[in-house]
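> File name structure-v9.tsv; file contents TSV, C-alpha atoms; full text below.
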chain	number	residue	atom	x	y	z
A	20	MET	CA	-32.93	-143.65	-31.02
A	21	ILE	CA	-35.09	-144.45	-33.98
A	22	PHE	CA	-34.03	-141.38	-35.97
A	23	SER	CA	-31.09	-142.06	-38.19
A	24	ARG	CA	-28.93	-139.82	-40.30
A	25	HIS	CA	-28.28	-142.63	-42.70
A	26	PRO	CA	-30.55	-142.00	-45.71
A	27	LEU	CA	-30.94	-145.67	-46.56
A	28	GLU	CA	-32.11	-146.45	-43.03
A	29	GLN	CA	-34.50	-143.50	-43.05
A	30	MET	CA	-36.15	-144.80	-46.20
A	31	LEU	CA	-36.32	-148.36	-44.86
A	32	ILE	CA	-37.94	-147.22	-41.62
A	33	LEU	CA	-40.46	-145.11	-43.52
A	34	SER	CA	-41.34	-147.95	-45.84
A	35	ALA	CA	-41.70	-150.33	-42.88
A	36	ILE	CA	-44.30	-147.98	-41.38
A	37	VAL	CA	-46.20	-147.65	-44.67
A	38	PHE	CA	-46.03	-151.42	-45.15
A	39	CYS	CA	-47.56	-152.07	-41.72
A	40	CYS	CA	-50.38	-149.61	-42.39
A	41	GLY	CA	-51.08	-151.53	-45.62
A	42	VAL	CA	-51.07	-154.90	-43.86
A	43	TYR	CA	-53.42	-153.55	-41.19
A	44	THR	CA	-55.78	-152.26	-43.89
A	45	ILE	CA	-55.76	-155.63	-45.66
A	46	LEU	CA	-56.38	-157.53	-42.44
A	47	THR	CA	-59.22	-155.47	-41.03
A	48	ARG	CA	-61.31	-154.20	-43.95
A	49	LYS	CA	-64.36	-155.96	-45.28
A	50	ASN	CA	-64.76	-153.70	-48.28
A	51	ALA	CA	-62.94	-155.06	-51.33
A	52	VAL	CA	-61.96	-151.60	-52.54
A	53	SER	CA	-60.32	-150.82	-49.20
A	54	ILE	CA	-58.38	-154.07	-49.37
A	55	LEU	CA	-57.17	-152.98	-52.81
A	56	MET	CA	-55.96	-149.72	-51.26
A	57	GLY	CA	-54.06	-151.72	-48.63
A	58	VAL	CA	-52.39	-153.73	-51.38
A	59	GLU	CA	-51.34	-150.50	-53.09
A	60	LEU	CA	-49.78	-149.28	-49.82
A	61	VAL	CA	-47.80	-152.51	-49.48
A	62	LEU	CA	-46.61	-152.29	-53.10
A	63	ASN	CA	-45.54	-148.68	-52.60
A	64	ALA	CA	-43.55	-149.62	-49.51
A	65	ALA	CA	-41.79	-152.35	-51.49
A	66	ASN	CA	-41.07	-149.90	-54.31
A	67	LEU	CA	-39.56	-147.43	-51.86
A	68	ASN	CA	-37.19	-150.14	-50.67
A	69	PHE	CA	-36.25	-151.11	-54.21
A	70	VAL	CA	-35.41	-147.52	-55.17
A	71	ALA	CA	-33.63	-146.81	-51.87
A	72	PHE	CA	-31.37	-149.83	-52.24
A	73	SER	CA	-30.77	-148.97	-55.87
A	74	GLN	CA	-29.90	-145.33	-55.28
A	75	TYR	CA	-28.06	-145.52	-51.98
A	76	THR	CA	-25.81	-148.52	-52.54
A	77	ARG	CA	-22.96	-148.80	-54.91
A	78	THR	CA	-23.52	-152.34	-56.02
A	79	GLY	CA	-27.22	-151.86	-56.57
A	80	GLY	CA	-26.86	-150.43	-60.04
A	81	VAL	CA	-30.04	-149.47	-61.79
A	82	HIS	CA	-31.78	-152.81	-61.26
A	83	GLY	CA	-33.92	-151.62	-58.36
A	84	ASN	CA	-35.31	-148.85	-60.52
A	85	VAL	CA	-36.16	-151.29	-63.31
A	86	PHE	CA	-37.91	-153.60	-60.87
A	87	THR	CA	-39.89	-150.65	-59.53
A	88	ILE	CA	-41.14	-149.95	-63.04
A	89	PHE	CA	-42.22	-153.57	-63.42
A	90	VAL	CA	-44.00	-153.45	-60.04
A	91	ILE	CA	-45.83	-150.27	-61.02
A	92	LEU	CA	-46.96	-151.85	-64.29
A	93	LEU	CA	-48.12	-155.02	-62.55
A	94	ALA	CA	-49.98	-152.89	-60.00
A	95	ALA	CA	-51.78	-151.17	-62.88
A	96	ALA	CA	-52.82	-154.51	-64.36
A	97	GLU	CA	-53.86	-155.77	-60.94
A	98	ALA	CA	-55.96	-152.67	-60.25
A	99	ALA	CA	-57.77	-153.01	-63.59
A	100	VAL	CA	-58.61	-156.69	-63.05
A	101	ALA	CA	-59.54	-156.09	-59.40
A	102	LEU	CA	-61.91	-153.30	-60.42
A	103	ALA	CA	-63.58	-155.60	-62.95
A	104	ILE	CA	-63.98	-158.32	-60.31
A	105	ILE	CA	-65.35	-155.82	-57.80
A	106	ILE	CA	-67.91	-154.61	-60.33
A	107	GLY	CA	-68.86	-158.23	-60.99
A	108	ILE	CA	-69.29	-158.93	-57.29
A	109	TYR	CA	-71.37	-155.79	-56.93
A	110	GLN	CA	-73.66	-156.80	-59.80
A	111	ASN	CA	-74.18	-160.26	-58.33
A	112	PHE	CA	-74.37	-159.55	-54.61
A	113	GLY	CA	-75.36	-155.90	-54.43
A	114	ARG	CA	-72.45	-155.05	-52.18
A	115	VAL	CA	-68.70	-155.57	-52.08
A	116	ASP	CA	-68.07	-157.07	-48.66
A	117	VAL	CA	-65.56	-159.83	-49.12
A	118	ASP	CA	-66.97	-161.73	-46.13
A	119	GLU	CA	-70.28	-162.23	-47.92
A	120	ALA	CA	-69.04	-162.88	-51.43
A	121	ASP	CA	-67.98	-166.42	-50.62
A	122	GLY	CA	-70.02	-168.33	-53.19
A	123	MET	CA	-69.19	-169.00	-56.80
A	124	LYS	CA	-72.73	-168.03	-57.80
A	125	GLU	CA	-75.42	-166.19	-55.97
B	121	MET	CA	-23.67	-129.97	-43.95
B	122	GLY	CA	-24.36	-127.60	-46.81
B	123	ALA	CA	-27.50	-125.59	-47.37
B	124	ALA	CA	-28.66	-127.89	-50.16
B	125	GLU	CA	-28.37	-130.86	-47.87
B	126	ILE	CA	-30.41	-129.15	-45.15
B	127	VAL	CA	-33.13	-128.32	-47.68
B	128	LEU	CA	-33.08	-131.93	-48.89
B	129	ASN	CA	-33.44	-133.17	-45.31
B	130	VAL	CA	-36.35	-130.84	-44.60
B	131	VAL	CA	-38.08	-131.91	-47.81
B	132	PHE	CA	-37.51	-135.54	-46.90
B	133	TYR	CA	-39.04	-135.16	-43.44
B	134	VAL	CA	-42.06	-133.23	-44.76
B	135	LEU	CA	-42.70	-135.88	-47.43
B	136	ALA	CA	-42.13	-138.72	-44.98
B	137	ALA	CA	-44.56	-137.17	-42.48
B	138	SER	CA	-47.25	-136.74	-45.12
B	139	ALA	CA	-46.73	-140.29	-46.39
B	140	ILE	CA	-47.06	-141.74	-42.90
B	141	ALA	CA	-50.07	-139.56	-42.08
B	142	GLY	CA	-51.73	-140.60	-45.34
B	143	ALA	CA	-51.03	-144.28	-44.75
B	144	VAL	CA	-52.45	-144.10	-41.23
B	145	ALA	CA	-55.52	-142.31	-42.59
B	146	VAL	CA	-56.01	-145.02	-45.23
B	147	ALA	CA	-55.84	-147.65	-42.51
B	148	ALA	CA	-58.01	-145.83	-39.96
B	149	SER	CA	-60.59	-143.72	-41.79
B	150	ARG	CA	-64.24	-144.77	-41.51
B	151	ASN	CA	-65.14	-143.08	-44.77
B	152	ILE	CA	-63.96	-144.86	-47.90
B	153	VAL	CA	-63.79	-141.67	-49.96
B	154	ARG	CA	-61.50	-140.16	-47.34
B	155	SER	CA	-59.39	-143.33	-47.51
B	156	ALA	CA	-59.10	-142.92	-51.27
B	157	PHE	CA	-57.96	-139.32	-50.99
B	158	ALA	CA	-55.51	-140.20	-48.21
B	159	LEU	CA	-54.10	-142.76	-50.63
B	160	LEU	CA	-53.66	-139.89	-53.10
B	161	ALA	CA	-51.53	-138.07	-50.50
B	162	VAL	CA	-49.44	-141.20	-49.93
B	163	LEU	CA	-48.83	-141.74	-53.64
B	164	PHE	CA	-47.81	-138.12	-54.21
B	165	SER	CA	-45.49	-138.19	-51.19
B	166	VAL	CA	-43.87	-141.39	-52.41
B	167	ALA	CA	-43.33	-139.74	-55.80
B	168	GLY	CA	-41.64	-136.85	-54.00
B	169	LEU	CA	-39.48	-139.30	-52.05
B	170	TYR	CA	-38.35	-140.88	-55.33
B	171	ALA	CA	-37.36	-137.38	-56.45
B	172	VAL	CA	-35.45	-136.90	-53.18
B	173	MET	CA	-33.62	-140.14	-53.94
B	174	LYS	CA	-32.79	-138.73	-57.38
B	175	ALA	CA	-34.80	-141.40	-59.16
B	176	ASP	CA	-36.43	-138.87	-61.46
B	177	PHE	CA	-37.91	-141.29	-63.96
B	178	ILE	CA	-39.54	-143.41	-61.26
B	179	ALA	CA	-41.02	-140.28	-59.71
B	180	GLY	CA	-42.59	-139.38	-63.05
B	181	ALA	CA	-43.87	-142.90	-63.63
B	182	GLN	CA	-45.34	-142.93	-60.12
B	183	VAL	CA	-47.34	-139.76	-60.77
B	184	LEU	CA	-48.42	-140.83	-64.25
B	185	ILE	CA	-49.40	-144.43	-63.56
B	186	TYR	CA	-50.22	-144.58	-59.86
B	187	VAL	CA	-51.90	-141.22	-59.41
B	188	GLY	CA	-53.18	-140.83	-62.95
B	189	GLY	CA	-54.24	-144.41	-63.53
B	190	ILE	CA	-54.56	-146.66	-60.51
B	191	LEU	CA	-55.97	-144.10	-58.11
B	192	VAL	CA	-58.55	-142.98	-60.65
B	193	LEU	CA	-59.55	-146.64	-61.09
B	194	ILE	CA	-59.90	-147.04	-57.33
B	195	ILE	CA	-62.03	-143.90	-57.04
B	196	PHE	CA	-64.13	-145.23	-59.93
B	197	ALA	CA	-64.58	-148.46	-58.00
B	198	VAL	CA	-65.66	-146.52	-54.92
B	199	MET	CA	-68.16	-144.44	-56.89
B	200	LEU	CA	-69.56	-147.39	-58.85
B	201	THR	CA	-70.11	-149.65	-55.89
B	202	HIS	CA	-71.64	-147.17	-53.50
B	203	ARG	CA	-74.65	-145.02	-53.87
B	204	ILE	CA	-73.09	-141.65	-53.27
B	205	THR	CA	-76.36	-140.46	-51.79
B	206	ASP	CA	-76.02	-142.99	-49.01
B	207	VAL	CA	-75.27	-141.21	-45.80
B	208	LYS	CA	-72.97	-143.96	-44.65
B	209	LEU	CA	-70.37	-144.83	-47.24
B	210	SER	CA	-69.59	-148.19	-45.82
B	211	ASN	CA	-66.01	-148.84	-44.96
B	212	ASP	CA	-66.62	-151.19	-42.08
B	213	SER	CA	-63.63	-152.78	-40.55
B	214	THR	CA	-63.77	-155.87	-38.44
B	215	PRO	CA	-62.96	-154.96	-34.87
B	216	GLY	CA	-59.34	-155.94	-35.05
B	217	PRO	CA	-57.35	-155.58	-31.85
B	218	ALA	CA	-55.67	-158.82	-32.84
B	219	ALA	CA	-54.79	-157.44	-36.27
B	220	PHE	CA	-53.62	-154.21	-34.65
B	221	CYS	CA	-51.34	-156.07	-32.26
B	222	ALA	CA	-50.04	-158.25	-35.07
B	223	CYS	CA	-49.21	-155.18	-37.15
B	224	LEU	CA	-47.51	-153.48	-34.22
B	225	CYS	CA	-45.38	-156.59	-33.66
B	226	LEU	CA	-44.56	-156.70	-37.38
B	227	LEU	CA	-43.63	-153.02	-37.39
B	228	PHE	CA	-41.52	-153.40	-34.26
B	229	SER	CA	-39.61	-156.37	-35.63
B	230	LEU	CA	-39.07	-154.62	-38.98
B	231	LEU	CA	-37.73	-151.53	-37.24
B	232	VAL	CA	-35.41	-153.58	-35.05
B	233	VAL	CA	-34.10	-155.44	-38.08
B	234	VAL	CA	-33.62	-152.26	-40.08
B	235	ARG	CA	-32.13	-150.14	-37.30
B	236	TYR	CA	-30.22	-152.49	-35.06
B	237	SER	CA	-29.60	-155.95	-36.49
B	238	THR	CA	-28.37	-154.95	-39.93
B	239	LYS	CA	-25.04	-153.19	-40.14
B	240	TRP	CA	-25.49	-150.74	-42.97
B	241	ARG	CA	-22.28	-149.06	-43.96
B	242	ARG	CA	-21.92	-146.35	-41.33
B	243	ASP	CA	-18.78	-144.83	-42.78
B	244	SER	CA	-20.67	-143.41	-45.71
B	245	ASP	CA	-22.22	-140.67	-43.57
B	246	THR	CA	-19.83	-138.11	-44.95
B	247	VAL	CA	-20.35	-139.31	-48.50
B	248	THR	CA	-24.09	-139.48	-47.86
B	249	ALA	CA	-26.03	-140.31	-50.94
B	250	ARG	CA	-24.92	-137.65	-53.28
B	251	ALA	CA	-24.53	-139.32	-56.62
B	252	GLU	CA	-21.60	-137.39	-57.96
B	253	SER	CA	-21.43	-137.32	-61.64
B	254	PHE	CA	-19.28	-136.60	-64.58
B	255	GLU	CA	-20.13	-135.90	-68.10
B	256	VAL	CA	-17.80	-137.29	-70.65
B	257	SER	CA	-17.74	-135.75	-74.04
B	258	PHE	CA	-15.23	-136.24	-76.77
B	259	LYS	CA	-13.52	-134.39	-79.55
B	260	GLN	CA	-12.40	-135.94	-82.75
B	261	TYR	CA	-9.05	-135.36	-84.33
B	262	GLN	CA	-8.80	-135.07	-88.09
B	263	ALA	CA	-12.45	-135.71	-88.30
B	264	ASP	CA	-14.48	-135.28	-91.39
B	265	GLY	CA	-16.54	-138.43	-91.54
B	266	ALA	CA	-19.76	-139.33	-89.85
B	267	THR	CA	-18.87	-139.80	-86.22
B	268	GLY	CA	-21.09	-140.52	-83.27
B	269	LEU	CA	-20.79	-141.18	-79.61
B	270	ALA	CA	-23.12	-143.29	-77.51
B	271	PHE	CA	-23.16	-143.14	-73.72
B	272	GLY	CA	-24.36	-145.45	-70.99
B	273	GLY	CA	-23.58	-145.98	-67.37
B	274	GLY	CA	-24.75	-144.91	-63.96
B	275	ALA	CA	-23.96	-142.82	-60.92
B	276	TYR	CA	-23.47	-144.48	-57.56
B	277	GLU	CA	-22.70	-143.33	-54.06
B	278	ASP	CA	-19.03	-142.60	-54.61
B	279	SER	CA	-18.33	-143.58	-58.16
B	280	VAL	CA	-19.60	-142.86	-61.62
B	281	VAL	CA	-19.41	-145.23	-64.54
B	282	VAL	CA	-19.68	-144.00	-68.10
B	283	VAL	CA	-19.42	-146.27	-71.09
B	284	ALA	CA	-18.66	-144.32	-74.23
B	285	THR	CA	-18.76	-145.94	-77.61
B	286	VAL	CA	-17.26	-144.13	-80.56
B	287	SER	CA	-18.83	-145.20	-83.79
B	288	GLN	CA	-17.35	-143.85	-86.91
B	289	GLY	CA	-18.06	-143.76	-90.56
B	290	PRO	CA	-17.34	-146.42	-93.14
B	291	ASP	CA	-13.61	-146.60	-92.52
B	292	PRO	CA	-13.02	-145.62	-88.91
B	293	LEU	CA	-9.30	-145.99	-88.62
B	294	ARG	CA	-8.58	-143.74	-91.52
B	295	ILE	CA	-10.75	-140.94	-90.26
B	296	LEU	CA	-9.58	-140.97	-86.67
B	297	ASP	CA	-6.43	-142.00	-84.98
B	298	GLN	CA	-7.14	-140.39	-81.63
B	299	VAL	CA	-10.18	-139.43	-79.66
B	300	GLN	CA	-10.12	-136.93	-76.88
B	301	PHE	CA	-12.45	-137.54	-73.98
B	302	VAL	CA	-13.26	-134.56	-71.83
B	303	ALA	CA	-14.53	-135.03	-68.30
B	304	THR	CA	-16.51	-132.01	-67.21
B	305	SER	CA	-18.38	-131.41	-64.03
B	306	GLY	CA	-19.41	-127.94	-63.08
B	307	ALA	CA	-16.53	-125.66	-63.89
B	308	ASN	CA	-13.98	-128.45	-63.81
B	309	ARG	CA	-12.64	-129.85	-67.02
B	310	VAL	CA	-10.00	-132.46	-67.70
B	311	SER	CA	-9.17	-133.82	-71.12
B	312	ARG	CA	-7.10	-136.80	-72.25
B	313	ASN	CA	-6.32	-138.36	-75.59
B	314	PHE	CA	-6.84	-142.00	-76.37
B	315	PRO	CA	-6.11	-144.09	-79.43
B	316	VAL	CA	-9.03	-145.10	-81.53
B	317	ALA	CA	-10.00	-148.68	-80.96
B	318	GLY	CA	-11.93	-149.41	-84.09
B	319	ARG	CA	-15.60	-149.50	-84.75
B	320	ASP	CA	-17.90	-149.64	-81.75
B	321	ALA	CA	-15.25	-150.59	-79.22
B	322	PRO	CA	-16.48	-149.15	-75.94
B	323	TYR	CA	-14.38	-147.12	-73.55
B	324	ARG	CA	-15.40	-147.67	-69.95
B	325	HIS	CA	-14.81	-144.63	-67.78
B	326	VAL	CA	-14.90	-145.16	-64.03
B	327	PHE	CA	-14.70	-142.17	-61.72
B	328	GLU	CA	-13.97	-143.28	-58.17
B	329	LYS	CA	-13.98	-141.05	-55.16
B	330	LEU	CA	-10.78	-141.57	-53.21
B	331	SER	CA	-11.32	-138.87	-50.62
B	332	GLU	CA	-12.98	-135.47	-50.42
B	333	GLY	CA	-12.15	-133.58	-53.60
B	334	GLU	CA	-9.92	-136.34	-54.92
B	335	TRP	CA	-11.07	-138.66	-57.68
B	336	ARG	CA	-9.50	-141.25	-59.92
B	337	TRP	CA	-10.44	-141.48	-63.56
B	338	THR	CA	-9.87	-144.94	-64.99
B	339	VAL	CA	-10.43	-145.62	-68.66
B	340	ARG	CA	-10.56	-149.16	-69.94
B	341	LEU	CA	-10.64	-149.93	-73.59
B	342	LEU	CA	-12.86	-152.95	-73.98
B	343	GLY	CA	-12.09	-155.34	-76.77
B	344	ARG	CA	-14.36	-157.89	-78.32
B	345	GLN	CA	-16.58	-159.94	-76.06
B	346	LYS	CA	-15.44	-163.43	-75.21
B	347	ASP	CA	-17.86	-165.81	-73.49
B	348	GLY	CA	-20.09	-162.90	-72.59
B	349	LYS	CA	-17.26	-161.09	-70.79
B	350	ASP	CA	-15.60	-157.90	-71.87
B	351	GLU	CA	-11.95	-158.31	-72.61
B	352	VAL	CA	-9.87	-155.41	-71.41
B	353	ASP	CA	-7.46	-154.35	-74.09
B	354	ARG	CA	-5.78	-151.40	-72.44
B	355	GLU	CA	-6.17	-149.41	-69.29
B	356	TRP	CA	-5.27	-145.85	-68.25
B	357	GLU	CA	-5.49	-144.18	-64.86
B	358	PHE	CA	-5.48	-140.51	-63.99
B	359	PRO	CA	-5.86	-138.78	-60.65
B	360	LEU	CA	-8.27	-135.88	-60.55
B	361	ALA	CA	-7.23	-133.72	-57.63
B	362	ASN	CA	-9.00	-130.76	-56.11
B	363	THR	CA	-12.18	-131.23	-58.01
B	364	GLY	CA	-15.49	-130.64	-56.36
B	365	PHE	CA	-17.69	-132.57	-58.73
B	366	THR	CA	-21.30	-132.34	-57.66
B	367	VAL	CA	-23.43	-132.44	-60.79
B	368	THR	CA	-26.09	-135.09	-60.67
B	369	ARG	CA	-26.78	-137.57	-63.35
B	370	GLY	CA	-30.31	-138.86	-63.74
B	371	VAL	CA	-31.37	-142.47	-63.88
B	372	THR	CA	-33.51	-142.27	-66.99
B	373	GLU	CA	-30.82	-143.23	-69.45
B	374	PRO	CA	-29.47	-146.20	-67.45
B	375	ILE	CA	-33.05	-147.44	-67.02
B	376	ALA	CA	-33.65	-147.20	-70.75
B	377	LEU	CA	-30.44	-149.11	-71.46
B	378	ALA	CA	-31.34	-151.78	-68.89
B	379	LEU	CA	-34.86	-152.16	-70.31
B	380	ALA	CA	-33.54	-152.48	-73.84
B	381	GLY	CA	-30.76	-154.84	-72.78
B	382	PRO	CA	-30.85	-157.41	-69.98
B	383	TYR	CA	-34.52	-156.83	-69.16
B	384	LEU	CA	-35.84	-156.93	-72.72
B	385	PHE	CA	-37.56	-160.29	-72.31
B	386	ALA	CA	-39.15	-159.32	-68.99
B	387	PHE	CA	-40.29	-156.07	-70.58
B	388	GLU	CA	-42.03	-157.93	-73.41
B	389	VAL	CA	-43.61	-160.38	-70.99
B	390	VAL	CA	-45.01	-157.47	-68.99
B	391	SER	CA	-46.41	-155.95	-72.19
B	392	VAL	CA	-48.23	-159.18	-72.98
B	393	LEU	CA	-49.46	-159.39	-69.40
B	394	LEU	CA	-50.85	-155.85	-69.60
B	395	LEU	CA	-52.66	-156.79	-72.82
B	396	ALA	CA	-54.05	-159.92	-71.16
B	397	ALA	CA	-55.17	-157.87	-68.15
B	398	LEU	CA	-56.87	-155.39	-70.47
B	399	VAL	CA	-58.78	-158.12	-72.31
B	400	GLY	CA	-59.59	-159.95	-69.07
B	401	ALA	CA	-60.85	-156.84	-67.33
B	402	ALA	CA	-63.03	-155.92	-70.30
B	403	PHE	CA	-64.39	-159.49	-70.38
B	404	LEU	CA	-65.14	-159.54	-66.65
B	405	ALA	CA	-66.79	-156.14	-66.55
B	406	ARG	CA	-68.94	-156.50	-69.67
B	407	LYS	CA	-72.71	-156.58	-69.41
B	408	GLU	CA	-74.10	-160.09	-69.23
B	409	VAL	CA	-76.06	-161.03	-72.34
B	410	LYS	CA	-78.56	-163.59	-71.10
B	411	ASP	CA	-80.17	-165.24	-74.13
B	412	LEU	CA	-77.62	-166.31	-76.64
Please go through the file and, once you have read it, give me the structure as structure tokens.


Amino acid sequence: MIFSRHPLEQMLILSAIVFCCGVYTILTRKNAVSILMGVELVLNAANLNFVAFSQYTRTGGVHGNVFTIFVILLAAAEAAVALAIIIGIYQNFGRVDVDEADGMKE
Amino acid sequence: MGAAEIVLNVVFYVLAASAIAGAVAVAASRNIVRSAFALLAVLFSVAGLYAVMKADFIAGAQVLIYVGGILVLIIFAVMLTHRITDVKLSNDSTPGPAAFCACLCLLFSLLVVVRYSTKWRRDSDTVTARAESFEVSFKQYQADGATGLAFGGGAYEDSVVVVATVSQGPDPLRILDQVQFVATSGANRVSRNFPVAGRDAPYRHVFEKLSEGEWRWTVRLLGRQKDGKDEVDREWEFPLANTGFTVTRGVTEPIALALAGPYLFAFEVVSVLLLAALVGAAFLARKEVKDL
């Protein structure tokens, strides 16, 4: 039975599903923006695990929450830089397919 | 199972369903704008799940930064790199039965590991995840000076830790000779007197759940630090019987204390990194000036 009454397990199962959706998105998309969305899904799944372990275990303390904050901040920085790179690729190549943007210069 | 727990379970399953549906839509949708809005659903659901887990500050940060910042950036990227008038907003995916199979295998192995190969503590089903909490306040005896009380600590599955530091005026020992700490939770209230330890000597209160309705209140008077370790000066123990403490303590204050304490350096490094990302993104996205 995959359903569990244990709240920690429920969260871990949920985050495993979200993580796999993210990995699938990263693996199959050609569009750079879609790949970025897949990365965000993976990061959210990791954050869910951090918070679940922090809140549902006694030894976890508050450290999982702090790490989640750091991950969210790094995701913000990553999204900003990724957007700038995507705009750059679009200006140079006219589209944002990662398969085609394989040269350093047009 | 009480009514509150049932409601919490229902909320959890609704949020989990919408998170999974959103994630599947992000992975499967042909239309990139639909993918972006499915991601919005996922991010909101995850914020709700943080709230279910009683991580209130993280839930707020998720909505503010992820939904308010990152998602808007992603939608900007979508709008800037596609002509919206195009009929086909390209979101081609490589035909990926191999990737699909790989992800299914990954998911299956993750589920097996989570559900069957790891022995999470099963006995905590009755305790579930309710973070029981106490509030400790104090009363001063013979007080007329400037007196303050600082609190830290955290709430865990079946224990609550509160560190209370009494800081007094210029001459602490003359103003106070006893402090009274009062543990309150809901309608329950227990008070004890403790000798004053001097300026800024922290009292560490630990509330441990022994069984249903039975708690133990341990107070340790921490002396000066030696080699980075707290020295325990004195220790008191009190049973708290027939108390149904159920008030919840948030995580915001412990997070603030952790960020200002052990994680201060990491916090500053992240600030510098954000600044660097800001400058780098502005540099990358600027308009090329050809003839310089």

> Around stretch 80-99 of chain A, fit a box with edges along x, y and z, padding it by 5 Å on each side, then list its centre and edge lengths in Å to one decimal as JSON.


{"center_x": -42.3, "center_y": -152.3, "center_z": -61.4, "size_x": 40.9, "size_y": 16.9, "size_z": 16.0}

> Neighbouring residues of B:Ala158 were defined as those with any atom within 9 Å, considering all atoms listed in the file; residues of the same chain fewer than 4 positions away were excluded. Please report them as an NGL selection string.

:B and (139 or 141-146 or 149 or 153-154 or 162-163)

> Just write the chosen residues, C-alpha atoms, as a PDB file, keeping the file's coordinate frame.


ATOM      1  CA  ALA B 139     -46.730-140.290 -46.390  1.00  0.00           C
ATOM      2  CA  ALA B 141     -50.070-139.560 -42.080  1.00  0.00           C
ATOM      3  CA  GLY B 142     -51.730-140.600 -45.340  1.00  0.00           C
ATOM      4  CA  ALA B 143     -51.030-144.280 -44.750  1.00  0.00           C
ATOM      5  CA  VAL B 144     -52.450-144.100 -41.230  1.00  0.00           C
ATOM      6  CA  ALA B 145     -55.520-142.310 -42.590  1.00  0.00           C
ATOM      7  CA  VAL B 146     -56.010-145.020 -45.230  1.00  0.00           C
ATOM      8  CA  SER B 149     -60.590-143.720 -41.790  1.00  0.00           C
ATOM      9  CA  VAL B 153     -63.790-141.670 -49.960  1.00  0.00           C
ATOM     10  CA  ARG B 154     -61.500-140.160 -47.340  1.00  0.00           C
ATOM     11  CA  VAL B 162     -49.440-141.200 -49.930  1.00  0.00           C
ATOM     12  CA  LEU B 163     -48.830-141.740 -53.640  1.00  0.00           C
TER      13      LEU B 163
END

> Taking into account all atoms listed in the file, which residue in the set A:Thr44, A:Ile54, A:Val61, A:Ile108 is nearest to chain B?

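Closest candidate: A:Thr44.
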
> Would you mind reading off the distance between atom CA of B:Tyr133 and atom CA of B:Gly189, one decimal, in Å?

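Computed distance, atom CA of B:Tyr133 to atom CA of B:Gly189, equals 26.8 Å.
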
> With only C-alpha atoms as the counted atoms, please give the residues lying no more than 12 Å from B:Val198, apart from itself and same-chain residues fewer than 6 positions off, as number ranges by chain.

A: 50-56, 102, 105-106, 109, 114-115; B: 151-157, 191-192, 204, 209-211

> Quick one: of A:Ser73, A:Asn68, A:Thr47, A:Asn111, who's nearest to chain B, counting only C-alpha atoms?

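Smallest separation from chain B among the options: A:Thr47.
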
> Atom CA of A:His82 and atom CA of B:Val283, how far apart in Å?

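These two atoms are separated by 17.1 Å.
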